[in-house]
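**Student:** Hey, dropping entry_5.json in here, JSON, C-alpha atoms and all ligand atoms:
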[["chain", "number", "residue", "atom", "x", "y", "z"],
["A", 519, "MET", "CA", 56.16, -9.46, -2.86],
["A", 520, "THR", "CA", 54.21, -12.06, -4.75],
["A", 521, "GLU", "CA", 53.46, -11.02, -8.31],
["A", 522, "ILE", "CA", 49.85, -11.61, -9.30],
["A", 523, "ILE", "CA", 50.13, -12.35, -13.02],
["A", 524, "ASP", "CA", 47.52, -10.40, -14.97],
["A", 525, "GLY", "CA", 46.36, -12.67, -17.79],
["A", 526, "ASN", "CA", 43.94, -10.07, -19.12],
["A", 527, "ALA", "CA", 46.75, -7.55, -19.62],
["A", 528, "VAL", "CA", 49.08, -10.03, -21.34],
["A", 529, "ALA", "CA", 46.21, -11.24, -23.53],
["A", 530, "GLN", "CA", 45.55, -7.64, -24.55],
["A", 531, "ASP", "CA", 49.22, -7.29, -25.53],
["A", 532, "VAL", "CA", 48.89, -10.40, -27.68],
["A", 533, "ARG", "CA", 45.76, -9.03, -29.37],
["A", 534, "ASP", "CA", 47.47, -5.67, -29.95],
["A", 535, "GLY", "CA", 50.39, -7.49, -31.53],
["A", 536, "LEU", "CA", 48.03, -9.37, -33.82],
["A", 537, "ALA", "CA", 46.46, -6.16, -35.11],
["A", 538, "ASP", "CA", 49.49, -5.46, -37.32],
["A", 539, "ALA", "CA", 49.44, -8.95, -38.81],
["A", 540, "ILE", "CA", 45.70, -8.66, -39.46],
["A", 541, "ASP", "CA", 46.20, -5.25, -41.13],
["A", 542, "ALA", "CA", 48.95, -6.70, -43.34],
["A", 543, "LEU", "CA", 46.68, -9.56, -44.42],
["A", 544, "ASP", "CA", 43.89, -7.07, -45.02],
["A", 545, "ASP", "CA", 46.17, -5.11, -47.38],
["A", 546, "GLU", "CA", 46.39, -8.27, -49.43],
["A", 547, "GLY", "CA", 42.63, -8.74, -49.41],
["A", 548, "VAL", "CA", 42.67, -11.55, -46.83],
["A", 549, "THR", "CA", 40.41, -11.61, -43.77],
["A", 550, "PRO", "CA", 41.37, -14.47, -41.44],
["A", 551, "SER", "CA", 38.42, -16.68, -40.57],
["A", 552, "LEU", "CA", 37.65, -19.21, -37.88],
["A", 553, "ALA", "CA", 34.79, -21.72, -38.01],
["A", 554, "THR", "CA", 33.60, -22.90, -34.61],
["A", 555, "VAL", "CA", 31.52, -26.05, -34.51],
["A", 556, "LEU", "CA", 29.40, -26.73, -31.44],
["A", 557, "MET", "CA", 27.67, -30.10, -31.06],
["A", 558, "SER", "CA", 26.56, -29.79, -27.47],
["A", 559, "ASP", "CA", 23.95, -28.12, -25.30],
["A", 560, "ASP", "CA", 26.27, -27.86, -22.33],
["A", 561, "PRO", "CA", 25.98, -24.25, -21.12],
["A", 562, "ALA", "CA", 29.72, -23.98, -20.38],
["A", 563, "SER", "CA", 30.61, -25.11, -23.93],
["A", 564, "GLU", "CA", 28.05, -22.67, -25.36],
["A", 565, "THR", "CA", 29.63, -19.86, -23.35],
["A", 566, "TYR", "CA", 33.18, -20.76, -24.40],
["A", 567, "VAL", "CA", 32.23, -20.84, -28.08],
["A", 568, "SER", "CA", 30.39, -17.54, -27.97],
["A", 569, "MET", "CA", 33.35, -15.91, -26.20],
["A", 570, "LYS", "CA", 35.70, -17.22, -28.89],
["A", 571, "GLN", "CA", 33.48, -15.75, -31.59],
["A", 572, "GLN", "CA", 33.27, -12.43, -29.83],
["A", 573, "ASP", "CA", 37.09, -12.35, -29.53],
["A", 574, "CYS", "CA", 37.40, -13.00, -33.26],
["A", 575, "GLU", "CA", 35.05, -10.20, -34.19],
["A", 576, "GLU", "CA", 36.82, -7.75, -31.89],
["A", 577, "VAL", "CA", 40.18, -8.23, -33.63],
["A", 578, "GLY", "CA", 38.90, -8.47, -37.21],
["A", 579, "ILE", "CA", 38.77, -12.24, -37.67],
["A", 580, "GLU", "CA", 35.63, -13.52, -39.38],
["A", 581, "ALA", "CA", 33.77, -15.93, -37.07],
["A", 582, "ILE", "CA", 31.71, -18.65, -38.72],
["A", 583, "ASP", "CA", 29.25, -20.14, -36.27],
["A", 584, "ILE", "CA", 28.06, -23.71, -36.85],
["A", 585, "GLU", "CA", 25.79, -25.53, -34.44],
["A", 586, "ILE", "CA", 24.85, -29.19, -34.79],
["A", 587, "ASP", "CA", 22.08, -30.87, -32.85],
["A", 588, "PRO", "CA", 23.77, -33.04, -30.18],
["A", 589, "ASP", "CA", 21.38, -35.89, -31.12],
["A", 590, "ALA", "CA", 22.31, -35.78, -34.81],
["A", 591, "PRO", "CA", 24.31, -38.69, -36.25],
["A", 592, "ALA", "CA", 28.10, -38.42, -36.12],
["A", 593, "GLU", "CA", 28.14, -38.27, -39.94],
["A", 594, "GLU", "CA", 26.59, -34.82, -39.80],
["A", 595, "LEU", "CA", 29.59, -33.52, -37.89],
["A", 596, "PHE", "CA", 32.05, -35.35, -40.14],
["A", 597, "ASP", "CA", 30.37, -34.00, -43.29],
["A", 598, "THR", "CA", 30.51, -30.49, -41.84],
["A", 599, "ILE", "CA", 34.24, -30.86, -41.14],
["A", 600, "ASP", "CA", 34.81, -32.12, -44.71],
["A", 601, "GLU", "CA", 33.00, -29.08, -46.12],
["A", 602, "LEU", "CA", 35.01, -26.69, -43.95],
["A", 603, "ASN", "CA", 38.26, -28.44, -44.94],
["A", 604, "ALA", "CA", 37.39, -27.89, -48.60],
["A", 605, "ASP", "CA", 36.34, -24.24, -48.18],
["A", 606, "ASP", "CA", 39.22, -21.89, -49.09],
["A", 607, "ASP", "CA", 37.51, -19.07, -47.21],
["A", 608, "VAL", "CA", 37.93, -20.93, -43.91],
["A", 609, "ASN", "CA", 41.40, -20.70, -42.33],
["A", 610, "GLY", "CA", 40.79, -22.30, -38.94],
["A", 611, "ILE", "CA", 38.41, -24.99, -37.67],
["A", 612, "LEU", "CA", 37.60, -25.59, -34.02],
["A", 613, "VAL", "CA", 35.22, -28.32, -32.91],
["A", 614, "GLN", "CA", 34.36, -27.60, -29.30],
["A", 615, "MET", "CA", 35.11, -30.57, -27.04],
["A", 616, "PRO", "CA", 33.60, -32.63, -25.59],
["A", 617, "VAL", "CA", 31.39, -33.97, -28.38],
["A", 618, "PRO", "CA", 28.48, -36.32, -27.53],
["A", 619, "ASP", "CA", 29.35, -39.91, -26.53],
["A", 620, "HIS", "CA", 28.11, -41.37, -29.82],
["A", 621, "VAL", "CA", 30.72, -39.35, -31.72],
["A", 622, "ASP", "CA", 34.28, -40.73, -31.79],
["A", 623, "ASP", "CA", 36.32, -37.75, -30.65],
["A", 624, "ARG", "CA", 39.58, -39.12, -32.03],
["A", 625, "GLU", "CA", 37.97, -39.36, -35.46],
["A", 626, "VAL", "CA", 36.85, -35.74, -35.12],
["A", 627, "LEU", "CA", 40.40, -34.60, -34.46],
["A", 628, "ARG", "CA", 41.82, -36.74, -37.28],
["A", 629, "ARG", "CA", 39.22, -35.45, -39.72],
["A", 630, "ILE", "CA", 40.15, -31.77, -39.45],
["A", 631, "ASP", "CA", 42.71, -30.68, -42.07],
["A", 632, "PRO", "CA", 45.92, -30.33, -39.99],
["A", 633, "ALA", "CA", 46.65, -27.04, -41.79],
["A", 634, "LYS", "CA", 43.39, -25.64, -40.33],
["A", 635, "ASP", "CA", 43.68, -27.31, -36.92],
["A", 636, "VAL", "CA", 44.15, -24.16, -34.84],
["A", 637, "ASP", "CA", 43.69, -26.16, -31.61],
["A", 638, "GLY", "CA", 46.81, -28.16, -32.48],
["A", 639, "PHE", "CA", 45.08, -31.43, -31.56],
["A", 640, "HIS", "CA", 45.41, -33.34, -34.89],
["A", 641, "PRO", "CA", 47.87, -36.27, -34.55],
["A", 642, "GLU", "CA", 50.13, -34.68, -37.18],
["A", 643, "ASN", "CA", 50.30, -31.45, -35.19],
["A", 644, "VAL", "CA", 50.83, -33.33, -31.91],
["A", 645, "GLY", "CA", 53.72, -35.18, -33.57],
["A", 646, "ARG", "CA", 55.23, -31.99, -34.88],
["A", 647, "LEU", "CA", 55.07, -30.42, -31.42],
["A", 648, "VAL", "CA", 56.77, -33.42, -29.81],
["A", 649, "ALA", "CA", 59.43, -33.37, -32.54],
["A", 650, "GLY", "CA", 60.19, -29.72, -31.79],
["A", 651, "ASN", "CA", 58.70, -28.47, -35.06],
["A", 652, "ALA", "CA", 55.30, -27.16, -33.95],
["A", 653, "ARG", "CA", 52.93, -25.63, -36.49],
["A", 654, "TYR", "CA", 50.12, -24.70, -34.05],
["A", 655, "LYS", "CA", 50.98, -24.85, -30.37],
["A", 656, "PRO", "CA", 47.90, -25.81, -28.32],
["A", 657, "CYS", "CA", 46.40, -22.59, -27.01],
["A", 658, "THR", "CA", 46.53, -23.09, -23.24],
["A", 659, "PRO", "CA", 50.16, -24.23, -22.94],
["A", 660, "HIS", "CA", 51.24, -21.65, -25.51],
["A", 661, "GLY", "CA", 49.48, -18.95, -23.48],
["A", 662, "ILE", "CA", 51.21, -20.19, -20.33],
["A", 663, "GLN", "CA", 54.60, -19.90, -22.04],
["A", 664, "LYS", "CA", 53.77, -16.28, -22.82],
["A", 665, "LEU", "CA", 52.61, -15.59, -19.26],
["A", 666, "LEU", "CA", 55.84, -17.02, -17.82],
["A", 667, "ALA", "CA", 57.95, -15.00, -20.24],
["A", 668, "ASP", "CA", 56.03, -11.82, -19.48],
["A", 669, "ALA", "CA", 56.46, -12.36, -15.73],
["A", 670, "GLY", "CA", 60.21, -12.83, -16.25],
["A", 671, "VAL", "CA", 60.13, -16.46, -15.13],
["A", 672, "GLU", "CA", 63.16, -18.24, -16.59],
["A", 673, "THR", "CA", 62.33, -21.75, -17.77],
["A", 674, "GLU", "CA", 65.86, -22.71, -18.84],
["A", 675, "GLY", "CA", 67.34, -24.94, -16.18],
["A", 676, "ALA", "CA", 64.21, -24.62, -14.01],
["A", 677, "ASP", "CA", 62.53, -27.57, -12.34],
["A", 678, "ALA", "CA", 58.99, -27.53, -13.73],
["A", 679, "VAL", "CA", 56.23, -29.72, -12.36],
["A", 680, "VAL", "CA", 53.12, -30.16, -14.49],
["A", 681, "VAL", "CA", 50.20, -31.58, -12.52],
["A", 682, "GLY", "CA", 47.82, -33.28, -14.96],
["A", 683, "ARG", "CA", 48.43, -35.34, -18.10],
["A", 684, "SER", "CA", 45.58, -34.32, -20.42],
["A", 685, "ASP", "CA", 46.07, -34.20, -24.17],
["A", 686, "ILE", "CA", 44.88, -30.58, -24.19],
["A", 687, "VAL", "CA", 47.09, -29.12, -21.45],
["A", 688, "GLY", "CA", 49.34, -31.41, -19.41],
["A", 689, "LYS", "CA", 51.10, -33.33, -22.17],
["A", 690, "PRO", "CA", 51.67, -30.41, -24.57],
["A", 691, "MET", "CA", 52.73, -28.19, -21.64],
["A", 692, "ALA", "CA", 55.35, -30.71, -20.61],
["A", 693, "ASN", "CA", 56.57, -30.95, -24.19],
["A", 694, "LEU", "CA", 56.86, -27.19, -24.62],
["A", 695, "LEU", "CA", 58.77, -26.80, -21.35],
["A", 696, "LEU", "CA", 61.12, -29.54, -22.50],
["A", 697, "GLN", "CA", 61.85, -28.13, -25.97],
["A", 698, "LYS", "CA", 65.31, -26.89, -26.86],
["A", 699, "ALA", "CA", 63.81, -23.46, -27.47],
["A", 700, "GLU", "CA", 62.82, -20.24, -25.79],
["A", 701, "GLY", "CA", 60.29, -20.95, -23.07],
["A", 702, "GLY", "CA", 61.68, -24.47, -22.78],
["A", 703, "ASN", "CA", 64.91, -26.12, -21.61],
["A", 704, "ALA", "CA", 63.31, -26.94, -18.25],
["A", 705, "THR", "CA", 63.65, -30.20, -16.34],
["A", 706, "VAL", "CA", 60.08, -31.44, -16.44],
["A", 707, "THR", "CA", 58.18, -33.75, -14.11],
["A", 708, "VAL", "CA", 54.61, -34.71, -15.05],
["A", 709, "CYS", "CA", 52.42, -35.67, -12.08],
["A", 710, "HIS", "CA", 48.91, -37.14, -12.13],
["A", 711, "SER", "CA", 46.27, -38.91, -10.08],
["A", 712, "ARG", "CA", 48.54, -41.93, -9.46],
["A", 713, "THR", "CA", 51.60, -39.90, -8.46],
["A", 714, "ASP", "CA", 53.03, -40.89, -5.11],
["A", 715, "ASP", "CA", 53.73, -37.98, -2.74],
["A", 716, "LEU", "CA", 52.74, -35.11, -5.01],
["A", 717, "ALA", "CA", 53.77, -32.53, -2.40],
["A", 718, "ALA", "CA", 57.37, -33.80, -2.46],
["A", 719, "LYS", "CA", 57.43, -33.17, -6.20],
["A", 720, "THR", "CA", 55.82, -29.73, -6.11],
["A", 721, "ARG", "CA", 58.06, -28.60, -3.21],
["A", 722, "GLN", "CA", 61.16, -29.06, -5.34],
["A", 723, "ALA", "CA", 59.67, -27.11, -8.26],
["A", 724, "ASP", "CA", 60.59, -23.66, -9.49],
["A", 725, "ILE", "CA", 57.46, -23.69, -11.69],
["A", 726, "VAL", "CA", 54.19, -25.51, -10.98],
["A", 727, "VAL", "CA", 51.50, -25.76, -13.66],
["A", 728, "ALA", "CA", 48.31, -27.08, -12.04],
["A", 729, "ALA", "CA", 46.04, -28.67, -14.65],
["A", 730, "ALA", "CA", 44.41, -31.65, -12.99],
["A", 731, "GLY", "CA", 40.83, -30.38, -12.73],
["A", 732, "VAL", "CA", 40.68, -30.87, -8.97],
["A", 733, "PRO", "CA", 39.48, -27.81, -7.04],
["A", 734, "GLU", "CA", 42.14, -26.14, -4.89],
["A", 735, "MET", "CA", 44.33, -29.24, -4.70],
["A", 736, "ILE", "CA", 47.62, -27.28, -4.65],
["A", 737, "THR", "CA", 47.99, -25.59, -1.28],
["A", 738, "GLY", "CA", 50.64, -23.25, 0.07],
["A", 739, "ASP", "CA", 52.33, -25.96, 2.15],
["A", 740, "MET", "CA", 53.06, -27.88, -1.09],
["A", 741, "LEU", "CA", 55.17, -25.00, -2.48],
["A", 742, "SER", "CA", 58.63, -23.65, -1.77],
["A", 743, "ALA", "CA", 59.21, -19.92, -1.44],
["A", 744, "GLY", "CA", 59.41, -18.11, -4.77],
["A", 745, "THR", "CA", 57.73, -20.75, -6.96],
["A", 746, "ALA", "CA", 55.91, -19.55, -10.07],
["A", 747, "VAL", "CA", 52.41, -21.03, -9.90],
["A", 748, "ILE", "CA", 50.19, -21.29, -12.97],
["A", 749, "ASP", "CA", 46.60, -22.34, -12.32],
["A", 750, "VAL", "CA", 44.78, -23.84, -15.31],
["A", 751, "GLY", "CA", 41.77, -25.08, -13.33],
["A", 752, "ILE", "CA", 38.26, -23.76, -13.85],
["A", 753, "ASN", "CA", 36.13, -25.79, -11.45],
["A", 754, "ARG", "CA", 32.52, -25.14, -10.57],
["A", 755, "VAL", "CA", 31.95, -25.66, -6.88],
["A", 756, "ASP", "CA", 28.65, -25.25, -5.05],
["A", 757, "ALA", "CA", 28.42, -21.86, -3.39],
["A", 758, "ASP", "CA", 25.87, -19.54, -1.90],
["A", 759, "THR", "CA", 25.83, -17.24, -4.95],
["A", 760, "GLU", "CA", 23.14, -16.17, -7.40],
["A", 761, "LYS", "CA", 24.14, -18.95, -9.80],
["A", 762, "GLY", "CA", 24.53, -21.50, -7.01],
["A", 763, "TYR", "CA", 28.19, -22.05, -7.80],
["A", 764, "GLU", "CA", 31.52, -20.28, -8.01],
["A", 765, "LEU", "CA", 34.59, -20.88, -10.14],
["A", 766, "VAL", "CA", 37.77, -21.93, -8.40],
["A", 767, "GLY", "CA", 41.12, -23.06, -9.73],
["A", 768, "ASP", "CA", 43.23, -26.12, -9.02],
["A", 769, "VAL", "CA", 45.27, -23.93, -6.67],
["A", 770, "ASP", "CA", 44.17, -22.70, -3.26],
["A", 771, "PHE", "CA", 45.01, -19.10, -4.14],
["A", 772, "GLU", "CA", 45.02, -17.65, -0.62],
["A", 773, "SER", "CA", 47.50, -20.10, 0.88],
["A", 774, "ALA", "CA", 49.55, -20.51, -2.31],
["A", 775, "LYS", "CA", 50.17, -16.80, -2.72],
["A", 776, "GLU", "CA", 51.95, -16.73, 0.65],
["A", 777, "SER", "CA", 54.66, -19.00, -0.79],
["A", 778, "ALA", "CA", 54.57, -18.21, -4.50],
["A", 779, "GLY", "CA", 56.90, -15.76, -6.21],
["A", 780, "ALA", "CA", 54.33, -15.25, -8.94],
["A", 781, "ILE", "CA", 50.83, -16.71, -9.33],
["A", 782, "THR", "CA", 47.93, -16.56, -11.77],
["A", 783, "PRO", "CA", 44.44, -15.86, -10.42],
["A", 784, "VAL", "CA", 41.20, -17.62, -11.46],
["A", 785, "PRO", "CA", 39.53, -15.99, -13.27],
["A", 786, "GLY", "CA", 41.84, -13.55, -15.06],
["A", 787, "GLY", "CA", 44.95, -15.70, -15.41],
["A", 788, "VAL", "CA", 45.28, -18.50, -17.93],
["A", 789, "GLY", "CA", 41.73, -18.27, -19.39],
["A", 790, "PRO", "CA", 42.17, -15.01, -21.31],
["A", 791, "MET", "CA", 45.49, -16.29, -22.68],
["A", 792, "THR", "CA", 43.94, -19.46, -24.06],
["A", 793, "ARG", "CA", 41.47, -17.30, -25.97],
["A", 794, "ALA", "CA", 44.19, -14.93, -27.21],
["A", 795, "MET", "CA", 46.36, -17.77, -28.50],
["A", 796, "LEU", "CA", 43.46, -19.17, -30.51],
["A", 797, "LEU", "CA", 43.37, -15.83, -32.34],
["A", 798, "TRP", "CA", 47.14, -16.06, -32.78],
["A", 799, "ASN", "CA", 46.87, -19.52, -34.34],
["A", 800, "THR", "CA", 44.04, -18.40, -36.62],
["A", 801, "VAL", "CA", 46.07, -15.47, -37.93],
["A", 802, "LYS", "CA", 49.03, -17.81, -38.38],
["A", 803, "ALA", "CA", 46.77, -20.22, -40.31],
["A", 804, "ALA", "CA", 45.64, -17.43, -42.63],
["A", 805, "GLY", "CA", 49.26, -16.44, -43.28],
["A", 806, "LEU", "CA", 50.37, -20.03, -43.93],
["A", 807, "GLN", "CA", 47.45, -20.68, -46.28],
["A", 808, "GLU", "CA", 48.14, -17.52, -48.22],
["A", 809, "ASP", "CA", 51.73, -18.56, -48.98],
["B", 1, "LIG", "N1", 37.11, -27.84, -24.76],
["B", 1, "LIG", "C1", 37.80, -27.40, -23.68],
["B", 1, "LIG", "N2", 38.94, -26.77, -24.05],
["B", 1, "LIG", "C2", 38.96, -26.83, -25.40],
["B", 1, "LIG", "C3", 39.88, -26.35, -26.37],
["B", 1, "LIG", "O1", 40.92, -25.76, -26.07],
["B", 1, "LIG", "N3", 39.54, -26.59, -27.67],
["B", 1, "LIG", "C4", 38.42, -27.27, -28.02],
["B", 1, "LIG", "N4", 38.20, -27.46, -29.33],
["B", 1, "LIG", "N5", 37.55, -27.72, -27.15],
["B", 1, "LIG", "C5", 37.83, -27.50, -25.84]]
Give the structure from the file, written as structure tokens.
**Tutor:**
Amino acid sequence: MTEIIDGNAVAQDVRDGLADAIDALDDEGVTPSLATVLMSDDPASETYVSMKQQDCEEVGIEAIDIEIDPDAPAEELFDTIDELNADDDVNGILVQMPVPDHVDDREVLRRIDPAKDVDGFHPENVGRLVAGNARYKPCTPHGIQKLLADAGVETEGADAVVVGRSDIVGKPMANLLLQKAEGGNATVTVCHSRTDDLAAKTRQADIVVAAAGVPEMITGDMLSAGTAVIDVGINRVDADTEKGYELVGDVDFESAKESAGAITPVPGGVGPMTRAMLLWNTVKAAGLQED
């Protein structure tokens, strides 16, 4: 039987686990806090940020909501980051990506104090992750590690194929699977848009992480029996629904589940875990800053 991995349930376990850490901080008079900065009027980004704030409030993390006009000069965002860096009451800072074209996104990531960079995107934190000494693991790959562990998928010695090479998911996922650590020790292949014969790579995989942003590109015939399939995609495709679209993953769920040993659905798989791990990193930030 194919196991359908329930990301909502595992995310709830993570949140339950955080409650103790939040209580312990509370006993010492500390309430973890996360500042979210939105410089966009993209409806999807607005939704993501408001969900992150709601998550914070539900577990007892203070959410600080900052919105910047997308037409404002880049300096306004940089000044805001500087103020948040200097504010001892702020433990975590998240600038929702993408920022407008006139803002240098690399400068945004560099500007955030690495100690408050709960996304794990600052070059210092990227370097630490690659060196096997992560401070904040990026939320999506960290959440995927937890999903695999919860589903009993052994990474040690496994052939893992990561499809997609983004800085947010593909590259850190590959690094985590490669680490000499729990949830790592896999043999990792990273595939992308220029990969020759993708299906030959995915067919030899024990674990496939699909994070290319291409709707339903991984189909059942590209998988061997028993593969663990993790779908990171959230793609809007035109559909005859009230909103005029539906959300589909990078995996063709119906055909893939015939081959897969375990598979994450979209929605309800990776998405809730990404959100839960942001809370995790924020609580970790509060603990580190208290020391
Ligand atoms: N935009 C899409 N995913 C993310 C994320 O994980 N963090 C931030 N800051 N922006 C994003």
**Student:** If you count all atoms listed in the file, which residues fall within 7 Å of Ala723 of chain A, apart from same-chain ones fewer than 5 positions away, as a VMD selection string?
**Tutor:** chain A and resid 677 to 679 745
**Student:** List all protein, DNA and RNA residues that have at least one atom no more than 10 Å from any atom of ligand LIG 1 (chain B), counting all atoms listed in the file, and write them as a ChimeraX atom specification.
**Tutor:** /A:554-556,562-563,566-567,611-617,627,635-639,656-659,686-687,792-793,795-796
**Student:** May I have the selected residues written with C-alpha atoms, as an mmCIF file, keeping the file's coordinate frame?
**Tutor:**
data_model
loop_
_atom_site.group_PDB
_atom_site.id
_atom_site.type_symbol
_atom_site.label_atom_id
_atom_site.label_comp_id
_atom_site.auth_asym_id
_atom_site.auth_seq_id
_atom_site.Cartn_x
_atom_site.Cartn_y
_atom_site.Cartn_z
ATOM 1 C CA THR A 554 33.600 -22.900 -34.610
ATOM 2 C CA VAL A 555 31.520 -26.050 -34.510
ATOM 3 C CA LEU A 556 29.400 -26.730 -31.440
ATOM 4 C CA ALA A 562 29.720 -23.980 -20.380
ATOM 5 C CA SER A 563 30.610 -25.110 -23.930
ATOM 6 C CA TYR A 566 33.180 -20.760 -24.400
ATOM 7 C CA VAL A 567 32.230 -20.840 -28.080
ATOM 8 C CA ILE A 611 38.410 -24.990 -37.670
ATOM 9 C CA LEU A 612 37.600 -25.590 -34.020
ATOM 10 C CA VAL A 613 35.220 -28.320 -32.910
ATOM 11 C CA GLN A 614 34.360 -27.600 -29.300
ATOM 12 C CA MET A 615 35.110 -30.570 -27.040
ATOM 13 C CA PRO A 616 33.600 -32.630 -25.590
ATOM 14 C CA VAL A 617 31.390 -33.970 -28.380
ATOM 15 C CA LEU A 627 40.400 -34.600 -34.460
ATOM 16 C CA ASP A 635 43.680 -27.310 -36.920
ATOM 17 C CA VAL A 636 44.150 -24.160 -34.840
ATOM 18 C CA ASP A 637 43.690 -26.160 -31.610
ATOM 19 C CA GLY A 638 46.810 -28.160 -32.480
ATOM 20 C CA PHE A 639 45.080 -31.430 -31.560
ATOM 21 C CA PRO A 656 47.900 -25.810 -28.320
ATOM 22 C CA CYS A 657 46.400 -22.590 -27.010
ATOM 23 C CA THR A 658 46.530 -23.090 -23.240
ATOM 24 C CA PRO A 659 50.160 -24.230 -22.940
ATOM 25 C CA ILE A 686 44.880 -30.580 -24.190
ATOM 26 C CA VAL A 687 47.090 -29.120 -21.450
ATOM 27 C CA THR A 792 43.940 -19.460 -24.060
ATOM 28 C CA ARG A 793 41.470 -17.300 -25.970
ATOM 29 C CA MET A 795 46.360 -17.770 -28.500
ATOM 30 C CA LEU A 796 43.460 -19.170 -30.510
#
**Student:** Can you list, as a PyMOL selection string, every protein, DNA or RNA residue that comes within 8 Å of Thr549 of chain A when you count only C-alpha atoms, leaving out same-chain residues fewer than 5 positions away?
**Tutor:** chain A and resi 540+543-544+578-580+804
**Student:** Env of Val726 of chain A: 12 Å cut, atoms = all atoms listed in the file, seq-sep filter 3 positions within chain, self excluded. Answer as a ChimeraX atom specification.
**Tutor:** /A:662,666,671,673,676-682,688,691-692,695,704-709,716-717,719-723,729-730,736-738,740-742,744-750,768-769,774,778-782
**Student:** My list of candidates is A:Ala794, A:Ser558, A:Val801, A:Ile752. Which is closest to Asp541 of chain A when distances are computed with all atoms listed in the file?
**Tutor:**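 That would be A:Val801, the residue with the smallest distance to Asp541 of chain A.
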**Student:** When you count only C-alpha atoms, which of these residues is closest to Leu602 of chain A: A:Asn753, A:Arg629, A:Thr713, A:Asp619?
**Tutor:**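 Ranked by minimum distance to Leu602 of chain A, first place goes to A:Arg629.
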**Student:** For Leu696 of chain A, which residue among A:Val648, A:Ile725, A:Ala757, A:Ala537 is the nearest when counting all atoms listed in the file?
**Tutor:**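 Residue with the minimum atom-to-atom distance to Leu696 of chain A: A:Val648.
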**Student:** Tell me which of A:Pro561, A:Val621, A:Glu593, A:Arg653 sits closest to Thr800 of chain A, counting all atoms listed in the file.
**Tutor:** A:Arg653
**Student:** Could you give me, as a list in words, the residues that have an atom at most 10 Å away from the point (34.0, -20.8, -45.0) in the coordinates of the file, using only C-alpha atoms?
**Tutor:**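 Those within range, by chain then number, are Ser551, Leu552, Ala553, Glu580, Ala581, Ile582, Asp583, Glu601, Leu602, Asn603, Ala604, Asp605, Asp606, Asp607, Val608, Asn609, Gly610 and Ile611 of chain A.
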**Student:** Measuring atom to atom with only C-alpha atoms, identify which of A:Met791, A:Met519, A:Leu806, A:Ala590 is nearest to His660 of chain A.
**Tutor:**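 Smallest distance to His660 of chain A is found for A:Met791.
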**Student:** Can we get segment 534-564 of chain A of that structure written down with C-alpha atoms, as an mmCIF file, in the first residue's frame?
**Tutor:**
data_model
loop_
_atom_site.group_PDB
_atom_site.id
_atom_site.type_symbol
_atom_site.label_atom_id
_atom_site.label_comp_id
_atom_site.auth_asym_id
_atom_site.auth_seq_id
_atom_site.Cartn_x
_atom_site.Cartn_y
_atom_site.Cartn_z
ATOM 1 C CA ASP A 534 3.078 20.589 19.755
ATOM 2 C CA GLY A 535 6.770 19.978 20.349
ATOM 3 C CA LEU A 536 7.450 23.705 20.180
ATOM 4 C CA ALA A 537 4.874 24.468 22.860
ATOM 5 C CA ASP A 538 7.233 23.244 25.605
ATOM 6 C CA ALA A 539 10.105 25.366 24.339
ATOM 7 C CA ILE A 540 7.818 28.404 24.120
ATOM 8 C CA ASP A 541 6.577 27.781 27.690
ATOM 9 C CA ALA A 542 10.165 27.528 28.931
ATOM 10 C CA LEU A 543 11.051 30.838 27.276
ATOM 11 C CA ASP A 544 7.894 32.361 28.710
ATOM 12 C CA ASP A 545 9.009 31.328 32.219
ATOM 13 C CA GLU A 546 12.071 33.459 31.632
ATOM 14 C CA GLY A 547 9.997 36.398 30.433
ATOM 15 C CA VAL A 548 10.810 35.886 26.739
ATOM 16 C CA THR A 549 8.176 35.831 24.002
ATOM 17 C CA PRO A 550 9.711 34.796 20.667
ATOM 18 C CA SER A 551 8.947 37.268 17.901
ATOM 19 C CA LEU A 552 9.034 37.188 14.120
ATOM 20 C CA ALA A 553 8.932 40.263 11.887
ATOM 21 C CA THR A 554 7.570 39.617 8.414
ATOM 22 C CA VAL A 555 8.283 42.221 5.764
ATOM 23 C CA LEU A 556 6.141 42.272 2.638
ATOM 24 C CA MET A 557 7.105 44.525 -0.268
ATOM 25 C CA SER A 558 4.731 43.179 -2.876
ATOM 26 C CA ASP A 559 1.105 43.274 -3.915
ATOM 27 C CA ASP A 560 1.184 39.771 -5.319
ATOM 28 C CA PRO A 561 -1.874 38.003 -3.844
ATOM 29 C CA ALA A 562 0.010 34.723 -3.325
ATOM 30 C CA SER A 563 2.767 36.495 -1.344
ATOM 31 C CA GLU A 564 0.130 38.344 0.704
#
